[in-house]
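Okay, final.cif is below, mmCIF, C-alpha atoms:
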```cif
data_structure
loop_
_atom_site.label_atom_id
_atom_site.label_comp_id
_atom_site.auth_asym_id
_atom_site.auth_seq_id
_atom_site.Cartn_x
_atom_site.Cartn_y
_atom_site.Cartn_z
CA MET N 49 96.59 49.28 89.96
CA ARG N 50 96.24 52.53 91.85
CA ARG N 51 97.87 52.54 95.27
CA LYS N 52 95.81 53.92 98.11
CA ILE N 53 97.44 55.91 100.87
CA SER N 54 97.72 53.52 103.80
CA GLN N 55 96.60 55.98 106.43
CA ARG N 56 95.82 54.24 109.68
CA ARG N 57 93.18 56.75 110.68
CA LYS N 58 91.61 59.67 108.85
CA PRO N 59 91.40 62.75 111.10
CA LYS N 60 87.93 64.20 111.65
CA GLN N 61 87.98 66.40 114.74
CA ALA N 62 89.55 69.84 114.53
CA ARG N 63 92.48 69.04 116.84
CA ALA N 64 93.27 65.83 114.96
CA VAL N 65 93.12 67.64 111.61
CA GLN N 66 95.51 70.26 113.00
CA LYS N 67 98.02 67.57 114.07
CA TYR N 68 97.70 65.87 110.68
CA ASN N 69 98.44 69.12 108.87
CA GLU N 70 101.33 69.94 111.21
CA ILE N 71 102.92 66.59 110.32
CA LEU N 72 102.51 67.30 106.59
CA ASP N 73 103.96 70.80 107.00
CA ALA N 74 106.90 69.44 108.98
CA ALA N 75 107.58 66.81 106.31
CA ALA N 76 107.71 69.57 103.67
CA ARG N 77 110.16 71.60 105.77
CA VAL N 78 112.40 68.54 106.18
CA LEU N 79 112.37 68.02 102.42
CA VAL N 80 113.56 71.58 101.83
CA LEU N 81 116.72 70.69 103.79
CA LEU N 82 117.24 67.07 102.69
CA ASP N 83 116.79 64.97 99.57
CA TYR N 84 113.88 62.55 99.62
CA GLY N 85 116.21 59.55 100.10
CA ASP N 86 117.73 61.14 103.22
CA THR N 87 114.38 62.04 104.76
CA THR N 88 113.30 59.73 107.58
CA MET N 89 110.37 59.35 109.93
CA SER N 90 112.77 60.42 112.71
CA GLU N 91 113.46 63.72 110.95
CA ILE N 92 109.73 64.32 110.46
CA HIS N 93 109.07 63.41 114.10
CA LEU N 94 111.71 65.87 115.33
CA GLU N 95 110.56 68.67 113.03
CA SER N 96 106.86 68.24 113.81
CA GLY N 97 107.29 67.93 117.57
CA HIS N 98 104.69 65.15 117.57
CA PRO N 99 105.41 61.74 119.13
CA TYR N 100 105.96 58.75 116.85
CA ALA N 101 102.69 57.29 118.14
CA THR N 102 100.76 60.31 116.85
CA ILE N 103 102.43 60.18 113.44
CA TYR N 104 101.80 56.45 113.09
CA GLN N 105 98.13 56.97 113.92
CA TYR N 106 97.82 58.62 110.52
CA PHE N 107 100.63 57.26 108.35
CA GLY N 108 102.44 53.97 107.85
CA ASN N 109 105.68 55.47 106.52
CA LYS N 110 107.21 58.59 104.99
CA GLU N 111 105.90 57.67 101.55
CA ASP N 112 102.34 57.87 102.87
CA ILE N 113 103.09 61.26 104.42
CA TYR N 114 104.40 62.70 101.16
CA LEU N 115 101.58 61.24 99.09
CA ALA N 116 99.14 62.85 101.53
CA TRP N 117 101.04 66.15 101.23
CA ILE N 118 100.75 65.98 97.42
CA GLU N 119 97.01 65.30 97.59
CA ARG N 120 96.46 68.12 100.08
CA PHE N 121 98.46 70.54 97.91
CA MET N 122 96.56 69.66 94.75
CA ASP N 123 93.13 69.57 96.35
CA ALA N 124 93.66 72.94 98.03
CA ALA N 125 94.93 74.51 94.79
CA ILE N 126 92.03 73.14 92.73
CA PHE N 127 89.49 74.22 95.36
CA GLU N 128 90.87 77.77 95.47
CA LEU N 129 91.13 78.02 91.70
CA THR N 130 87.55 76.82 91.22
CA ASP N 131 86.40 79.43 93.73
CA ARG N 132 88.32 82.18 91.92
CA ILE N 133 86.78 81.19 88.61
CA ARG N 134 83.30 81.20 90.16
CA ARG N 135 83.84 84.65 91.66
CA THR N 136 85.16 86.29 88.52
CA ASP N 137 82.77 88.70 86.84
CA SER N 138 83.99 87.71 83.42
CA ARG N 139 82.28 84.91 81.51
CA ASP N 140 84.91 85.26 78.82
CA PHE N 141 86.80 82.01 78.21
CA GLU N 142 90.16 83.73 77.68
CA SER N 143 89.91 85.62 80.98
CA ARG N 144 89.09 82.43 82.86
CA LEU N 145 91.91 80.62 81.11
CA GLU N 146 94.42 83.32 82.08
CA ILE N 147 93.25 83.24 85.73
CA SER N 148 93.66 79.46 85.74
CA VAL N 149 97.13 79.46 84.21
CA ARG N 150 98.44 82.29 86.38
CA TYR N 151 97.14 80.75 89.61
CA SER N 152 98.58 77.32 88.72
CA LEU N 153 101.98 78.88 88.03
CA GLU N 154 101.89 80.77 91.33
CA GLN N 155 101.16 77.55 93.24
CA ILE N 156 103.95 75.65 91.50
CA ALA N 157 106.40 78.49 92.17
CA SER N 158 105.45 78.63 95.86
CA GLU N 159 106.11 74.91 96.48
CA ARG N 160 108.54 74.18 93.69
CA GLN N 161 111.44 72.99 95.82
CA VAL N 162 109.36 70.37 97.63
CA LEU N 163 107.55 69.30 94.45
CA GLY N 164 110.81 68.96 92.54
CA LYS N 165 112.45 66.86 95.24
CA LEU N 166 109.43 64.58 95.47
CA LEU N 167 109.25 64.07 91.72
CA ASN N 168 112.99 63.43 91.49
CA GLY N 169 113.23 61.19 94.54
CA MET N 170 110.03 59.22 94.64
CA ALA N 171 108.85 57.49 91.48
CA LEU N 172 105.47 56.68 93.01
CA VAL N 173 104.78 60.38 93.55
CA SER N 174 105.24 61.04 89.84
CA SER N 175 102.65 58.46 88.85
CA ARG N 176 100.36 59.47 91.71
CA MET N 177 100.59 63.14 90.75
CA VAL N 178 99.75 62.36 87.12
CA GLU N 179 96.78 60.22 88.22
CA HIS N 180 95.54 62.90 90.59
CA LEU N 181 95.92 65.65 87.99
CA GLU N 182 94.02 63.58 85.43
CA GLU N 183 91.28 62.74 87.91
CA LYS N 184 90.80 66.31 89.07
CA THR N 185 91.21 68.02 85.68
CA ARG N 186 87.91 66.83 84.22
CA HIS N 187 86.02 67.74 87.38
CA TRP N 188 87.62 71.18 87.51
CA ILE N 189 86.96 71.91 83.79
CA LEU N 190 83.28 71.11 84.24
CA GLN N 191 83.05 73.33 87.32
CA ALA N 192 85.05 76.21 85.87
CA PHE N 193 83.67 76.27 82.35
CA GLY N 194 80.17 74.94 82.81
CA PRO N 195 78.36 71.61 83.26
CA LYS N 196 76.84 72.04 79.77
CA LEU N 197 80.12 70.57 78.49
CA GLN N 198 78.77 67.19 79.60
CA LEU N 199 76.01 67.34 77.00
CA PRO N 200 76.55 64.99 74.01
CA ARG N 201 76.79 67.88 71.54
CA HIS N 202 79.73 69.29 73.52
CA ARG N 203 81.72 66.04 73.64
CA GLU N 204 84.29 67.25 71.11
CA PRO N 205 85.00 70.60 72.87
CA LEU N 206 85.32 68.76 76.20
CA GLU N 207 87.77 66.24 74.73
CA LYS N 208 89.79 69.10 73.24
CA MET N 209 89.89 70.81 76.63
CA LEU N 210 91.01 67.58 78.33
CA THR N 211 93.76 67.11 75.73
CA ALA N 212 94.93 70.69 76.26
CA ALA N 213 94.83 70.16 80.02
CA ARG N 214 96.95 67.00 79.74
CA ALA N 215 99.53 68.89 77.70
CA THR N 216 99.51 71.67 80.29
CA ASN N 217 99.85 69.18 83.15
CA GLY N 218 102.95 67.81 81.43
CA TYR N 219 104.32 71.34 81.24
CA TRP N 220 103.62 71.84 84.98
CA LEU N 221 105.52 68.63 85.78
CA MET N 222 108.48 69.84 83.69
CA LEU N 223 108.53 73.14 85.60
CA MET N 224 108.45 71.28 88.93
CA LEU N 225 111.39 69.11 87.91
CA ASN N 226 113.49 71.90 86.40
CA THR N 227 114.04 73.85 89.61
CA GLN N 228 117.07 75.67 88.16
CA GLN N 229 114.90 77.57 85.67
CA GLU N 230 113.31 80.67 87.12
CA ILE N 231 109.55 80.96 86.63
CA HIS N 232 108.52 84.32 85.20
CA ILE N 233 104.80 84.30 85.98
CA GLN N 234 103.71 86.92 83.44
CA GLU N 235 105.75 85.46 80.59
CA GLU N 236 104.82 81.85 81.38
CA THR N 237 101.13 82.78 81.69
CA ARG N 238 101.19 84.20 78.14
CA ARG N 239 103.12 81.20 76.81
CA VAL N 240 100.93 78.53 78.39
CA SER N 241 97.68 80.37 77.58
CA SER N 242 98.77 80.58 73.93
CA LEU N 243 99.62 76.86 73.92
CA ILE N 244 96.20 75.94 75.29
CA LYS N 245 94.38 78.20 72.82
CA ALA N 246 96.34 76.65 69.95
CA LEU N 247 95.41 73.14 71.11
CA LEU N 248 91.76 74.15 71.37
CA ALA N 249 91.66 75.81 67.94
#
```
Kindly return the structure encoded in the file as structure tokens.
Amino acid sequence: MRRKISQRRKPKQARAVQKYNEILDAAARVLVLLDYGDTTMSEIHLESGHPYATIYQYFGNKEDIYLAWIERFMDAAIFELTDRIRRTDSRDFESRLEISVRYSLEQIASERQVLGKLLNGMALVSSRMVEHLEEKTRHWILQAFGPKLQLPRHREPLEKMLTAARATNGYWLMLMLNTQQEIHIQEETRRVSSLIKALLA
């Protein structure tokens, strides 16, 4: 059964959203310095500069904070990628695919240390990340490559795209875990794009 984030209160006003994001940013900075097992609410409190009472308004524990960080990271990346795809002049599938792969790699590279530590130190994050990727992938494919994919006659191409996306998501997770391997964006973009095209063939 899917675990919901046990946030005590969802921020709505601008100042509350700012505090919420500051707590998430502080938690990520703490994780750069410490392993997940050594990270505590006290460390996050000290790094964020927010009182415990403020932190506990939004989160029940550090696990909730890091699950919220993961969701924010993925939602922001998917939102930006969808916008980039919409704004591109090219309707060519290969161009859109390359934009998607390159942007995904750039996001993973930018937050790789935090992502790797979360995946290595927190089993729930791994399952949550897979669930979230799966959930968002279908929605993003339909937005990026056209709602016509939902038509019955396009069921097979959509299923092929979802299969390719699942394989790619697995590759992303491997890159996040293997923080010792340097990510060469250009080379990896070609490699992953070729993999996806082969799976779609």
Subject >> Of the listed residues N:Leu223, N:Met177, N:Ala75, N:Met170, that which approaches Ser96 in chain N most closely, counting all atoms listed in the file >> reply: N:Ala75
Original post:
In Å, with one decimal, what is the gap from CA of Gln161 in chain N to CA of Met224 in chain N?
Top reply: 7.7 Å
**OP:** List, as a PyMOL selection string, every residue that the PyMOL selection byres ((chain N and resi 249) around 12) selects in the file provided.
**Re:** chain N and resi 204-205+208-209+211-212+242-248
Original post:
Any idea what's packed within 12 Å of Ala74 in chain N, counting all atoms listed in the file, ignoring anything in its chain fewer than 3 positions away? Could you give it as an MDAnalysis selection string?
Top reply: chainID N and resid 67:71 77:81 87:98 103 110 113:114 117 162
Original post:
Nearest to Ser175 in chain N among N:Ala124, N:Pro99, N:Leu221, N:Tyr84, with distances taken over only C-alpha atoms: which residue is it?
Top reply: N:Leu221
**OP:** Mind checking which residues fall within 9 Å of Ala213 in chain N, counting all atoms listed in the file, ignoring those fewer than 6 positions away in the same chain, and posting them as a ChimeraX atom specification?
**Re:** /N:182,185-186,189,244
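As for CA of Thr227 in chain N and CA of Leu82 in chain N, they are spaced 15.1 Å apart.
Considering only C-alpha atoms, the residue among N:Ala116, N:Phe121, N:His180, N:Ser143 positioned nearest to Lys58 in chain N is N:Ala116.
Considering the residues N:Ser152, N:Gln228, N:Gln234, N:Asn217 and counting only C-alpha atoms, Arg132 in chain N has its shortest atom-to-atom contact with N:Ser152.
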